[in-house]
file run_32.cif (mmCIF, C-alpha atoms)
data_upload
loop_
_atom_site.label_atom_id
_atom_site.label_comp_id
_atom_site.auth_asym_id
_atom_site.auth_seq_id
_atom_site.Cartn_x
_atom_site.Cartn_y
_atom_site.Cartn_z
CA MET A 579 -18.75 -53.43 -70.99
CA THR A 580 -21.02 -52.22 -73.77
CA GLY A 581 -21.71 -48.66 -74.78
CA ALA A 582 -19.81 -45.53 -73.85
CA LEU A 583 -19.12 -44.87 -70.18
CA ARG A 584 -17.75 -41.65 -68.78
CA ILE A 585 -14.99 -42.12 -66.24
CA THR A 586 -16.76 -39.67 -63.93
CA GLU A 587 -19.92 -41.81 -64.08
CA LEU A 588 -17.91 -44.92 -63.22
CA ILE A 589 -16.46 -43.23 -60.14
CA ASP A 590 -19.73 -41.56 -59.11
CA SER A 591 -21.85 -44.70 -59.47
CA ARG A 592 -19.77 -46.89 -57.14
CA PRO A 593 -19.25 -46.80 -53.37
CA LEU A 594 -16.00 -45.38 -52.09
CA GLY A 595 -13.59 -48.26 -52.65
CA ARG A 596 -10.19 -49.39 -51.50
CA LEU A 597 -8.38 -47.59 -54.33
CA GLN A 598 -9.93 -44.21 -53.50
CA PHE A 599 -9.21 -44.73 -49.80
CA GLU A 600 -5.59 -45.56 -50.63
CA VAL A 601 -5.22 -42.48 -52.85
CA ALA A 602 -6.69 -40.17 -50.20
CA THR A 603 -4.52 -41.74 -47.47
CA LEU A 604 -1.27 -41.47 -49.43
CA CYS A 605 -2.06 -37.88 -50.39
CA ALA A 606 -2.92 -37.09 -46.76
CA LEU A 607 0.45 -38.47 -45.64
CA VAL A 608 2.24 -36.21 -48.12
CA ALA A 609 0.11 -33.28 -46.92
CA LEU A 610 1.03 -34.13 -43.30
CA LEU A 611 4.74 -34.01 -44.10
CA ASP A 612 4.15 -30.86 -46.17
CA GLY A 613 2.53 -29.23 -43.14
CA PHE A 614 5.32 -30.41 -40.83
CA ASP A 615 8.11 -29.05 -43.03
CA THR A 616 6.27 -25.81 -43.84
CA GLN A 617 5.55 -24.99 -40.19
CA VAL A 618 8.62 -26.31 -38.40
CA ILE A 619 10.76 -23.27 -39.30
CA ALA A 620 8.39 -21.08 -37.28
CA TYR A 621 8.67 -23.35 -34.26
CA VAL A 622 12.46 -23.50 -34.31
CA ALA A 623 12.94 -19.83 -35.26
CA PRO A 624 13.22 -18.47 -31.69
CA ALA A 625 15.81 -21.15 -30.84
CA ILE A 626 17.80 -20.39 -34.02
CA ALA A 627 17.66 -16.63 -33.34
CA GLU A 628 18.97 -17.18 -29.83
CA GLN A 629 21.72 -19.61 -30.89
CA TRP A 630 22.92 -17.44 -33.78
CA GLY A 631 22.48 -14.11 -31.98
CA MET A 632 19.89 -12.77 -34.45
CA ALA A 633 17.14 -10.23 -33.82
CA PRO A 634 13.65 -11.72 -34.27
CA SER A 635 12.92 -9.28 -37.13
CA ALA A 636 15.88 -10.77 -39.07
CA LEU A 637 13.90 -14.00 -39.48
CA GLY A 638 11.45 -12.38 -41.90
CA PRO A 639 13.58 -13.07 -45.02
CA VAL A 640 14.02 -16.71 -43.94
CA PHE A 641 10.25 -17.14 -43.61
CA GLY A 642 9.74 -15.31 -46.89
CA ALA A 643 12.29 -17.47 -48.77
CA GLY A 644 10.49 -20.68 -47.85
CA LEU A 645 7.15 -19.23 -48.86
CA LEU A 646 8.61 -17.86 -52.10
CA GLY A 647 9.65 -21.43 -52.87
CA LEU A 648 6.11 -22.59 -52.08
CA MET A 649 4.74 -20.02 -54.53
CA ALA A 650 7.13 -20.94 -57.33
CA GLY A 651 6.56 -24.65 -56.76
CA ALA A 652 2.78 -24.27 -57.01
CA LEU A 653 3.02 -22.20 -60.20
CA ILE A 654 5.36 -24.74 -61.80
CA GLY A 655 3.93 -27.97 -60.41
CA GLY A 656 0.35 -27.47 -61.62
CA PRO A 657 1.12 -27.03 -65.33
CA LEU A 658 3.74 -29.80 -65.20
CA ALA A 659 1.16 -32.20 -63.78
CA ASP A 660 -1.44 -31.27 -66.39
CA ARG A 661 1.15 -32.12 -69.02
CA TRP A 662 3.03 -35.09 -67.51
CA GLY A 663 0.72 -36.45 -64.82
CA ARG A 664 -0.11 -36.01 -61.14
CA LYS A 665 1.64 -39.11 -59.76
CA TRP A 666 5.22 -38.45 -60.77
CA THR A 667 4.96 -34.76 -60.03
CA ILE A 668 3.97 -35.69 -56.47
CA VAL A 669 6.77 -38.28 -56.19
CA VAL A 670 9.48 -35.90 -57.43
CA SER A 671 8.14 -33.05 -55.27
CA THR A 672 8.26 -35.26 -52.17
CA LEU A 673 11.84 -36.27 -52.94
CA LEU A 674 12.82 -32.62 -53.35
CA PHE A 675 11.38 -31.29 -50.12
CA GLY A 676 12.63 -34.31 -48.18
CA ALA A 677 16.20 -33.95 -49.43
CA PHE A 678 16.47 -30.21 -48.77
CA ALA A 679 14.68 -30.40 -45.39
CA LEU A 680 17.19 -33.04 -44.32
CA THR A 681 20.09 -30.85 -45.45
CA THR A 682 18.71 -27.94 -43.38
CA ALA A 683 19.73 -29.79 -40.21
CA TRP A 684 23.36 -28.91 -41.03
CA ALA A 685 22.82 -25.22 -41.89
CA GLN A 686 25.43 -23.01 -40.23
CA THR A 687 24.57 -19.48 -41.39
CA PRO A 688 21.44 -17.41 -42.08
CA GLY A 689 22.33 -17.41 -45.79
CA GLN A 690 22.45 -21.20 -45.91
CA LEU A 691 19.18 -21.44 -44.00
CA LEU A 692 17.51 -18.99 -46.39
CA ALA A 693 18.68 -20.90 -49.50
CA LEU A 694 17.63 -24.28 -48.13
CA ARG A 695 14.20 -22.99 -47.12
CA LEU A 696 13.74 -21.67 -50.67
CA LEU A 697 14.63 -25.04 -52.20
CA THR A 698 12.51 -26.97 -49.69
CA GLY A 699 9.59 -24.71 -50.54
CA LEU A 700 9.85 -25.58 -54.24
CA GLY A 701 9.10 -29.21 -53.47
CA LEU A 702 6.44 -28.42 -50.89
CA GLY A 703 4.63 -26.00 -53.20
CA SER A 704 4.68 -28.34 -56.18
CA ALA A 705 3.13 -31.21 -54.23
CA MET A 706 0.03 -29.52 -52.81
CA PRO A 707 -2.02 -28.63 -55.94
CA ASN A 708 -1.52 -32.15 -57.25
CA LEU A 709 -2.62 -33.72 -53.97
CA ILE A 710 -5.84 -31.70 -54.23
CA ALA A 711 -6.35 -32.49 -57.93
CA LEU A 712 -5.66 -36.23 -57.61
CA THR A 713 -7.90 -36.67 -54.57
CA SER A 714 -10.67 -34.69 -56.30
CA GLU A 715 -10.43 -36.79 -59.47
CA TYR A 716 -10.72 -40.10 -57.60
CA ALA A 717 -13.58 -38.96 -55.34
CA PRO A 718 -17.26 -39.58 -56.15
CA ALA A 719 -19.06 -36.26 -56.68
CA ARG A 720 -21.20 -36.78 -53.58
CA LEU A 721 -18.08 -37.09 -51.39
CA ARG A 722 -15.63 -34.84 -53.23
CA THR A 723 -15.50 -31.80 -50.95
CA MET A 724 -15.44 -33.87 -47.78
CA LEU A 725 -12.72 -36.17 -49.11
CA VAL A 726 -10.55 -33.23 -50.23
CA THR A 727 -11.10 -31.61 -46.84
CA LEU A 728 -10.17 -34.77 -44.92
CA MET A 729 -7.09 -35.25 -47.10
CA PHE A 730 -6.02 -31.65 -46.54
CA CYS A 731 -6.42 -32.13 -42.78
CA GLY A 732 -3.04 -33.84 -43.05
CA PHE A 733 -1.47 -30.40 -43.49
CA PRO A 734 -2.52 -28.90 -40.14
CA LEU A 735 -1.96 -32.28 -38.45
CA GLY A 736 1.63 -32.11 -39.64
CA SER A 737 1.90 -28.60 -38.27
CA ILE A 738 0.52 -29.75 -34.91
CA LEU A 739 2.95 -32.67 -34.86
CA GLY A 740 5.78 -30.25 -35.55
CA GLY A 741 4.67 -28.08 -32.65
CA VAL A 742 4.44 -30.94 -30.18
CA LEU A 743 7.79 -32.41 -31.20
CA SER A 744 9.43 -28.96 -31.19
CA ALA A 745 8.28 -28.31 -27.64
CA LEU A 746 9.64 -31.71 -26.58
CA TRP A 747 12.82 -31.92 -28.65
CA ILE A 748 14.28 -28.41 -28.85
CA PRO A 749 15.25 -28.29 -25.14
CA SER A 750 16.79 -31.78 -25.22
CA GLN A 751 17.73 -32.65 -28.82
CA GLY A 752 18.17 -29.22 -30.38
CA TRP A 753 16.42 -27.74 -33.41
CA PRO A 754 18.33 -29.76 -36.11
CA ALA A 755 16.60 -32.96 -34.95
CA LEU A 756 13.29 -31.64 -36.33
CA PHE A 757 14.76 -31.27 -39.81
CA VAL A 758 16.35 -34.73 -39.72
CA LEU A 759 12.90 -36.21 -39.09
CA GLY A 760 11.19 -33.87 -41.56
CA GLY A 761 13.64 -34.86 -44.29
CA ALA A 762 14.12 -38.58 -43.80
CA VAL A 763 10.44 -39.55 -43.65
CA PRO A 764 9.47 -37.91 -46.99
CA LEU A 765 12.36 -39.71 -48.73
CA LEU A 766 10.99 -43.03 -47.50
CA LEU A 767 7.41 -42.08 -48.39
CA ALA A 768 8.44 -41.17 -51.96
CA LEU A 769 9.41 -44.81 -52.50
CA VAL A 770 5.96 -45.93 -51.34
CA LEU A 771 4.30 -43.37 -53.63
CA ALA A 772 6.26 -44.58 -56.64
CA TRP A 773 5.06 -48.12 -55.86
CA ARG A 774 1.42 -47.61 -54.84
CA LEU A 775 0.08 -44.23 -55.95
CA PRO A 776 -1.96 -44.50 -59.20
CA GLU A 777 -2.21 -41.86 -61.90
CA SER A 778 -5.46 -39.95 -62.42
CA PRO A 779 -7.75 -41.96 -64.74
CA GLY A 780 -9.21 -38.76 -66.16
CA PHE A 781 -5.72 -37.52 -67.03
CA LEU A 782 -4.83 -40.82 -68.68
CA LEU A 783 -8.00 -40.75 -70.76
CA LEU A 784 -7.52 -37.17 -71.88
CA ARG A 785 -3.95 -37.92 -72.90
CA ARG A 786 -4.96 -41.17 -74.67
CA ALA A 787 -1.64 -42.70 -73.61
CA ARG A 788 -0.28 -45.33 -71.20
CA SER A 789 -3.23 -47.63 -71.99
CA HIS A 790 -1.91 -50.52 -69.87
CA GLU A 791 -1.71 -48.22 -66.85
CA LEU A 792 -5.24 -46.96 -67.48
CA GLN A 793 -6.53 -50.53 -67.76
CA ARG A 794 -5.01 -51.40 -64.37
CA VAL A 795 -6.60 -48.32 -62.79
CA LEU A 796 -10.04 -49.17 -64.21
CA GLU A 797 -9.75 -52.75 -62.97
CA ARG A 798 -8.95 -51.47 -59.48
CA LEU A 799 -11.85 -49.02 -59.63
CA ASP A 800 -14.30 -51.66 -60.89
CA PRO A 801 -12.92 -55.10 -59.88
CA GLY A 802 -13.99 -58.15 -61.82
CA ARG A 803 -14.87 -56.33 -65.06
CA HIS A 804 -12.83 -55.74 -68.18
CA HIS A 805 -13.30 -52.30 -69.69
CA ASP A 806 -12.88 -51.70 -73.41
CA LEU A 807 -10.89 -48.46 -73.48
CA GLN A 808 -12.59 -47.47 -76.73
CA GLY A 809 -15.88 -47.32 -74.85
CA VAL A 810 -14.64 -45.16 -71.97
CA THR A 811 -14.53 -41.38 -72.22
CA ALA A 812 -13.29 -38.68 -69.87
CA GLY A 813 -16.63 -36.90 -69.95
CA GLU A 814 -14.87 -33.62 -70.81
CA PRO A 815 -13.31 -32.33 -74.03
CA PRO A 816 -9.55 -31.70 -74.00
CA GLU A 817 -8.61 -28.07 -73.41
CA PRO A 818 -6.60 -26.65 -76.30
CA GLY A 819 -3.47 -24.55 -75.92
CA PHE A 820 -1.28 -23.64 -72.98
CA PRO A 821 -2.99 -24.58 -69.67
CA VAL A 822 -2.38 -21.25 -67.92
CA ARG A 823 -3.96 -19.35 -70.82
CA GLU A 824 -7.07 -21.53 -70.49
CA LEU A 825 -7.66 -20.10 -67.00
CA PHE A 826 -8.60 -16.85 -68.72
CA ARG A 827 -10.78 -18.23 -71.50
CA GLY A 828 -14.09 -16.36 -71.67
CA PRO A 829 -16.01 -16.04 -68.38
CA ARG A 830 -13.26 -17.95 -66.55
CA THR A 831 -11.26 -14.71 -66.35
CA LYS A 832 -13.40 -13.13 -63.63
CA VAL A 833 -13.66 -16.42 -61.73
CA THR A 834 -9.89 -16.86 -61.81
CA VAL A 835 -9.18 -13.29 -60.68
CA LEU A 836 -11.63 -13.47 -57.76
CA LEU A 837 -10.28 -16.87 -56.69
CA TRP A 838 -6.77 -15.45 -56.76
CA ILE A 839 -7.81 -12.49 -54.59
CA ALA A 840 -9.44 -14.83 -52.07
CA PHE A 841 -6.40 -17.13 -51.99
CA PHE A 842 -3.95 -14.21 -51.74
CA MET A 843 -5.70 -12.50 -48.85
CA ASN A 844 -6.50 -15.63 -46.84
CA LEU A 845 -3.02 -17.12 -47.22
CA LEU A 846 -1.52 -13.74 -46.25
CA VAL A 847 -3.35 -13.97 -42.91
CA MET A 848 -2.77 -17.70 -42.53
CA TYR A 849 0.98 -17.66 -43.07
CA PHE A 850 1.51 -14.46 -41.12
CA MET A 851 -0.04 -16.18 -38.12
CA VAL A 852 1.63 -19.54 -38.83
CA ASN A 853 5.10 -18.00 -39.01
CA TRP A 854 4.95 -15.15 -36.52
CA LEU A 855 2.60 -16.36 -33.78
CA PRO A 856 5.27 -18.27 -31.78
CA THR A 857 7.60 -15.25 -31.87
CA LEU A 858 4.84 -12.74 -31.09
CA LEU A 859 3.65 -14.80 -28.13
CA THR A 860 7.19 -15.05 -26.73
CA LEU A 861 7.48 -11.26 -27.07
CA ALA A 862 4.20 -11.01 -25.14
CA GLY A 863 5.78 -12.95 -22.27
CA TYR A 864 4.86 -16.58 -23.02
CA SER A 865 7.48 -19.30 -22.59
CA LEU A 866 8.76 -20.80 -25.85
CA SER A 867 7.15 -24.18 -25.16
CA LEU A 868 3.78 -22.60 -24.34
CA ALA A 869 4.00 -20.30 -27.37
CA ILE A 870 4.64 -23.29 -29.65
CA LEU A 871 1.81 -25.32 -28.19
CA ALA A 872 -0.54 -22.32 -28.31
CA SER A 873 0.31 -21.84 -31.98
CA SER A 874 -0.51 -25.49 -32.61
CA LEU A 875 -4.09 -24.64 -31.60
CA LEU A 876 -4.31 -22.58 -34.80
CA ASN A 877 -3.93 -25.76 -36.85
CA LEU A 878 -6.08 -27.86 -34.52
CA GLY A 879 -8.83 -25.30 -34.99
CA GLY A 880 -8.27 -25.57 -38.74
CA ILE A 881 -9.04 -29.29 -38.71
CA GLY A 882 -12.27 -28.89 -36.77
CA GLY A 883 -13.24 -25.79 -38.72
CA GLY A 884 -12.55 -27.42 -42.07
CA ILE A 885 -14.78 -30.41 -41.36
CA LEU A 886 -17.53 -28.19 -39.89
CA LEU A 887 -17.41 -25.76 -42.82
CA ALA A 888 -17.50 -28.61 -45.35
CA GLY A 889 -20.77 -29.74 -43.78
CA MET A 890 -22.12 -26.18 -43.78
CA VAL A 891 -21.20 -25.80 -47.45
CA ARG A 892 -23.45 -28.74 -48.25
CA ARG A 893 -26.38 -27.17 -46.46
CA TYR A 894 -25.95 -23.46 -47.19
CA GLY A 895 -23.68 -23.39 -50.27
CA PRO A 896 -20.03 -22.31 -50.52
CA TYR A 897 -20.55 -18.58 -50.98
CA ARG A 898 -22.86 -17.87 -48.06
CA THR A 899 -20.78 -20.13 -45.81
CA LEU A 900 -17.37 -18.74 -46.74
CA GLY A 901 -18.47 -15.12 -47.00
CA THR A 902 -19.93 -15.24 -43.48
CA THR A 903 -16.89 -17.12 -42.18
CA PHE A 904 -14.40 -14.48 -43.32
CA VAL A 905 -16.45 -11.67 -41.78
CA LEU A 906 -16.39 -13.62 -38.51
CA VAL A 907 -12.63 -14.20 -38.91
CA ALA A 908 -12.08 -10.44 -39.01
CA GLY A 909 -13.93 -10.09 -35.73
CA ILE A 910 -12.09 -12.99 -34.10
CA VAL A 911 -8.70 -11.60 -35.15
CA ALA A 912 -9.63 -8.18 -33.77
CA ALA A 913 -10.59 -9.84 -30.49
CA LEU A 914 -7.33 -11.84 -30.41
CA ALA A 915 -5.34 -8.61 -30.72
CA ASN A 916 -6.89 -7.38 -27.48
CA VAL A 917 -6.51 -10.47 -25.27
CA THR A 918 -2.87 -11.55 -25.75
CA ALA A 919 -2.13 -10.75 -22.11
CA LEU A 920 -4.84 -13.18 -20.94
CA PRO A 921 -3.94 -16.84 -21.70
CA ARG A 922 -7.42 -18.10 -20.79
CA LEU A 923 -8.84 -15.95 -23.61
CA THR A 924 -5.88 -16.01 -26.00
CA LEU A 925 -5.89 -19.78 -26.45
CA PRO A 926 -9.61 -20.06 -27.39
CA ALA A 927 -9.24 -17.05 -29.72
CA ILE A 928 -6.30 -18.72 -31.49
CA PHE A 929 -8.35 -21.90 -31.88
CA LEU A 930 -11.31 -19.99 -33.37
CA ALA A 931 -9.02 -18.00 -35.68
CA GLY A 932 -7.58 -21.28 -36.96
CA ALA A 933 -11.07 -22.71 -37.49
CA GLY A 934 -11.88 -19.75 -39.73
CA VAL A 935 -8.61 -19.00 -41.52
CA VAL A 936 -7.20 -22.53 -41.94
CA GLY A 937 -10.55 -24.32 -42.10
CA ALA A 938 -11.94 -22.01 -44.78
CA GLN A 939 -8.81 -22.57 -46.87
CA PHE A 940 -9.82 -26.24 -47.17
CA CYS A 941 -13.10 -25.20 -48.77
CA LEU A 942 -11.34 -22.67 -51.01
CA ASN A 943 -9.11 -25.48 -52.28
CA ALA A 944 -12.14 -27.61 -53.09
CA LEU A 945 -13.88 -24.64 -54.73
CA ALA A 946 -10.86 -24.07 -57.00
CA ALA A 947 -10.77 -27.76 -57.96
CA GLU A 948 -14.47 -27.65 -58.87
CA ALA A 949 -14.09 -24.46 -60.91
CA TYR A 950 -11.86 -26.02 -63.60
CA PRO A 951 -12.14 -29.13 -65.82
CA THR A 952 -9.75 -32.10 -65.52
CA ALA A 953 -7.44 -30.97 -68.33
CA ILE A 954 -6.46 -27.77 -66.47
CA ARG A 955 -7.47 -28.64 -62.90
CA ALA A 956 -3.94 -28.97 -61.48
CA THR A 957 -2.97 -25.75 -63.25
CA GLY A 958 -6.04 -23.95 -61.89
CA VAL A 959 -5.48 -25.12 -58.32
CA GLY A 960 -1.70 -24.66 -58.61
CA TRP A 961 -1.92 -21.10 -59.85
CA ALA A 962 -4.58 -20.18 -57.27
CA LEU A 963 -2.25 -21.54 -54.58
CA GLY A 964 0.78 -19.98 -56.27
CA ILE A 965 -0.78 -16.51 -56.46
CA GLY A 966 -2.04 -17.07 -52.94
CA ARG A 967 1.54 -17.82 -51.92
CA THR A 968 2.50 -14.30 -52.88
CA GLY A 969 0.24 -13.37 -50.00
CA SER A 970 1.91 -15.98 -47.83
CA VAL A 971 5.28 -14.41 -48.69
CA THR A 972 4.01 -10.87 -48.18
CA GLY A 973 2.53 -11.59 -44.75
CA PRO A 974 5.69 -12.83 -42.99
CA LEU A 975 7.93 -10.26 -44.74
CA LEU A 976 5.57 -7.43 -43.85
CA GLY A 977 5.44 -8.74 -40.29
CA GLY A 978 9.24 -8.53 -40.04
CA VAL A 979 9.25 -4.99 -41.45
CA LEU A 980 6.49 -3.75 -39.15
CA LEU A 981 8.07 -5.44 -36.14
CA GLY A 982 11.34 -3.69 -36.99
CA TRP A 983 9.46 -0.39 -37.15
CA GLY A 984 8.29 -0.89 -33.59
CA TRP A 985 4.76 -2.20 -34.10
CA SER A 986 3.47 -4.15 -31.12
CA ALA A 987 2.29 -7.76 -31.32
CA ASP A 988 -1.31 -6.59 -30.80
CA GLN A 989 -1.11 -4.11 -33.69
CA LEU A 990 0.29 -6.73 -36.04
CA VAL A 991 -2.50 -9.20 -35.25
CA LEU A 992 -5.21 -6.53 -35.52
CA ALA A 993 -4.04 -5.60 -39.03
CA CYS A 994 -4.97 -9.14 -40.20
CA ALA A 995 -8.67 -8.23 -39.98
CA ILE A 996 -8.38 -6.14 -43.17
CA PRO A 997 -7.40 -8.94 -45.60
CA ALA A 998 -10.06 -11.18 -44.02
CA LEU A 999 -12.73 -8.64 -45.02
CA ILE A 1000 -11.30 -8.39 -48.56
CA THR A 1001 -11.52 -12.20 -48.83
CA ALA A 1002 -15.19 -12.01 -47.86
CA ALA A 1003 -15.75 -9.43 -50.61
CA ALA A 1004 -14.12 -11.72 -53.22
CA ILE A 1005 -16.40 -14.60 -52.21
CA ILE A 1006 -19.44 -12.32 -52.57
CA GLY A 1007 -18.17 -11.41 -56.04
CA LEU A 1008 -17.98 -15.10 -56.98
CA ALA A 1009 -21.53 -15.57 -55.74
CA ARG A 1010 -22.75 -12.77 -58.02
CA LEU A 1011 -20.89 -14.27 -60.98
CA ARG A 1012 -22.50 -17.63 -60.27
CA ALA A 1013 -25.92 -16.06 -60.34
CA ARG A 1014 -25.20 -14.62 -63.81
CA ASP A 1015 -23.13 -17.48 -65.34
CA PRO A 1016 -23.81 -20.93 -63.81
CA ASP A 1017 -21.55 -22.72 -66.32
CA TYR A 1018 -18.32 -21.38 -64.87
CA VAL A 1019 -18.86 -21.19 -61.13
CA PRO A 1020 -20.27 -24.19 -59.23
CA ARG A 1021 -23.39 -23.49 -57.18
CA THR A 1022 -22.59 -26.12 -54.56
CA LEU A 1023 -19.70 -28.39 -53.75
CA PRO A 1024 -20.81 -32.07 -53.71
CA LEU A 1025 -20.19 -33.87 -50.42
#
call {"tool": "encode", "arguments": {"input": "run_32.cif", "output": "structure tokens"}}
result
Amino acid sequence: MTGALRITELIDSRPLGRLQFEVATLCALVALLDGFDTQVIAYVAPAIAEQWGMAPSALGPVFGAGLLGLMAGALIGGPLADRWGRKWTIVVSTLLFGAFALTTAWAQTPGQLLALRLLTGLGLGSAMPNLIALTSEYAPARLRTMLVTLMFCGFPLGSILGGVLSALWIPSQGWPALFVLGGAVPLLLALVLAWRLPESPGFLLLRRARSHELQRVLERLDPGRHHDLQGVTAGEPPEPGFPVRELFRGPRTKVTVLLWIAFFMNLLVMYFMVNWLPTLLTLAGYSLSLAILASSLLNLGGIGGGILLAGMVRRYGPYRTLGTTFVLVAGIVAALANVTALPRLTLPAIFLAGAGVVGAQFCLNALAAEAYPTAIRATGVGWALGIGRTGSVTGPLLGGVLLGWGWSADQLVLACAIPALITAAAIIGLARLRARDPDYVPRTLPL
């Protein structure tokens, strides 16, 4: 190779190859297990409450502990990956959540369950921002948003799998069987990741280290050619200083704050519904199996909605698409609150709510990855998810408090329309910033 070549140009100029497909697939498998282990506590919660003689409102701290772990893991995992690499952060995170999920099968008290959900959440939270960053950095620009969206579809697929297996296994095998599966499979997958998952080439170039590893990655990206590492550049200057501080450098401050508001509010709604919907539906008179399967529609809607919204982003731009989506979500949630007694209307409303809330989160993830350069991308995505997780902790905890105060299931669901409207306002704010400062907010997300 002669002359300087940016690593981004190398990736963008070639068709999607076997290496990128393998990276996206491995990351999607981790996301699937992440979704399974994040959601399964909600599916087994009614069975645990019945077995241990707990009131449903007492499950709020258990939900909150797991989500607190998710928040802490995202805040820690992003900066660690920007310093030490995406690959090994993902491998260690997968080992952590697999080990503690497996141990949860033998929990005997609410205190043990709370502690194990906290520790499991640390691993789950640390993995996700690095899955998004690594997939984004291996994807050609023209396919980046779609590839990140398809990878992230593993998360709701895992949640759906957890719902189906919970409905089948809890009556016959008992709730611990779900945690045995959700713990053993990640431990096995971590071995595969250590063997096959490559490090980000952009990260390796920016760090100017591990040259043999970088050479192998370049040979897999561009088979049959030897690349002189002196002639390859990252295409971006290194970011000086502490990565978190760089999120607030200059005009990035407003972008970061608005992203955090959007993540906080949407994840508040998403995790309130993810954690409480099975319990609220059983309180409304649904059988446990039907409540679990109905809740799985939330994630099934997320998959369809995510793919549809990714296509709409390409045509109409991220801000118009997402702003309109969150306004519609508020209306759908308000409708859901008024039809819980009618299964023929409740199930479609849950599906549509998932398409908006879960599906739009896919595009928010891609928007966060596009908003930051490689050197701080995992930190940017991780802290957006981490701050968003404070919303995911607040939602389930607030649900337990309000349920204890005597709020009805319909009132709890209706209240979710408010944060959906605030999310729409944050997206509109980002659109206005983009109009004034195109260097810090992307106009479109490449597909």
call {"tool": "resolve_selection", "arguments": {"input": "run_32.cif", "expression": "the PyMOL selection byres ((chain A and resi 941) around 10)", "output": "JSON, numbers by chain"}}
result
{"A": [723, 724, 726, 727, 730, 884, 885, 887, 888, 891, 896, 899, 900, 936, 937, 938, 939, 940, 942, 943, 944, 945, 946, 947, 1023]}
call {"tool": "write_last_selection", "arguments": {"input": "run_32.cif", "atoms": "C-alpha atoms", "output": "compact mmCIF listing (two decimals), in the frame of the given file"}}
result
# COMPACT_ATOMS: atom_id res chain seq x y z
CA THR A 723 -15.50 -31.80 -50.95
CA MET A 724 -15.44 -33.87 -47.78
CA VAL A 726 -10.55 -33.23 -50.23
CA THR A 727 -11.10 -31.61 -46.84
CA PHE A 730 -6.02 -31.65 -46.54
CA GLY A 884 -12.55 -27.42 -42.07
CA ILE A 885 -14.78 -30.41 -41.36
CA LEU A 887 -17.41 -25.76 -42.82
CA ALA A 888 -17.50 -28.61 -45.35
CA VAL A 891 -21.20 -25.80 -47.45
CA PRO A 896 -20.03 -22.31 -50.52
CA THR A 899 -20.78 -20.13 -45.81
CA LEU A 900 -17.37 -18.74 -46.74
CA VAL A 936 -7.20 -22.53 -41.94
CA GLY A 937 -10.55 -24.32 -42.10
CA ALA A 938 -11.94 -22.01 -44.78
CA GLN A 939 -8.81 -22.57 -46.87
CA PHE A 940 -9.82 -26.24 -47.17
CA LEU A 942 -11.34 -22.67 -51.01
CA ASN A 943 -9.11 -25.48 -52.28
CA ALA A 944 -12.14 -27.61 -53.09
CA LEU A 945 -13.88 -24.64 -54.73
CA ALA A 946 -10.86 -24.07 -57.00
CA ALA A 947 -10.77 -27.76 -57.96
CA LEU A 1023 -19.70 -28.39 -53.75
call {"tool": "closest_residue", "arguments": {"input": "run_32.cif", "among": "A:Met843, A:Ala620, A:Leu597, A:Leu769", "to": "Ser970 in chain A", "atoms": "only C-alpha atoms"}}
result
A:Met843
call {"tool": "atom_distance", "arguments": {"input": "run_32.cif", "atom1": "CA of Leu963 in chain A", "atom2": "CA of Leu756 in chain A"}}
result
26.0 Å
call {"tool": "residues_near_point", "arguments": {"input": "run_32.cif", "point": "(-18.1, -35.6, -55.7)", "cutoff": "10 Å", "atoms": "all atoms listed in the file", "output": "PyMOL selection string"}}
result
chain A and resi 586+589-590+714-726+948+1023-1025
call {"tool": "atom_distance", "arguments": {"input": "run_32.cif", "atom1": "CA of Leu866 in chain A", "atom2": "CA of Phe675 in chain A"}}
result
26.6 Å
call {"tool": "residues_around", "arguments": {"input": "run_32.cif", "residues": "range 821-825 of chain A", "least_positions_apart": "3", "cutoff": "9 Å", "atoms": "only C-alpha atoms", "output": "PyMOL selection string"}}
result
chain A and resi 657+660-661+817-818+828+830-831+833-834+950+953-954+957-958+961
call {"tool": "resolve_selection", "arguments": {"input": "run_32.cif", "expression": "the PyMOL selection byres ((chain A and resi 761) around 8)", "output": "ChimeraX atom specification"}}
result
/A:675-681,757-760,762-765
call {"tool": "closest_residue", "arguments": {"input": "run_32.cif", "among": "A:Leu712, A:Ser737, A:Met632, A:Gly651", "to": "Thr687 in chain A", "atoms": "all atoms listed in the file"}}
result
A:Met632
call {"tool": "resolve_selection", "arguments": {"input": "run_32.cif", "expression": "the PyMOL selection byres ((chain A and resi 641-643) around 10)", "output": "PyMOL selection string"}}
result
chain A and resi 616-617+619-620+623+636-640+644-649+691-699+849-850+853-854+967-968+970-976+978
call {"tool": "residues_around", "arguments": {"input": "run_32.cif", "residues": "Met851 in chain A", "least_positions_apart": "4", "cutoff": "10 Å", "atoms": "all atoms listed in the file", "output": "list in words"}}
result
Ala620, Leu845, Leu846, Val847, Leu855, Pro856, Thr857, Leu858, Ser873, Leu876, Ile928, Ala931, Gly932, Val935, Ser970, Gly973, Pro974, Gly977, Leu990, Val991 and Cys994 of chain A
call {"tool": "closest_residue", "arguments": {"input": "run_32.cif", "among": "A:Ala913, A:Ile748, A:Ile738, A:Val669", "to": "Val852 in chain A", "atoms": "only C-alpha atoms"}}
result
A:Ile738
call {"tool": "closest_residue", "arguments": {"input": "run_32.cif", "among": "A:Gly595, A:Gly703, A:Gly960, A:Pro926", "to": "Thr672 in chain A", "atoms": "all atoms listed in the file"}}
result
A:Gly703
call {"tool": "closest_residue", "arguments": {"input": "run_32.cif", "among": "A:Val742, A:Met890, A:Val608, A:Ala683", "to": "Thr903 in chain A", "atoms": "all atoms listed in the file"}}
result
A:Met890
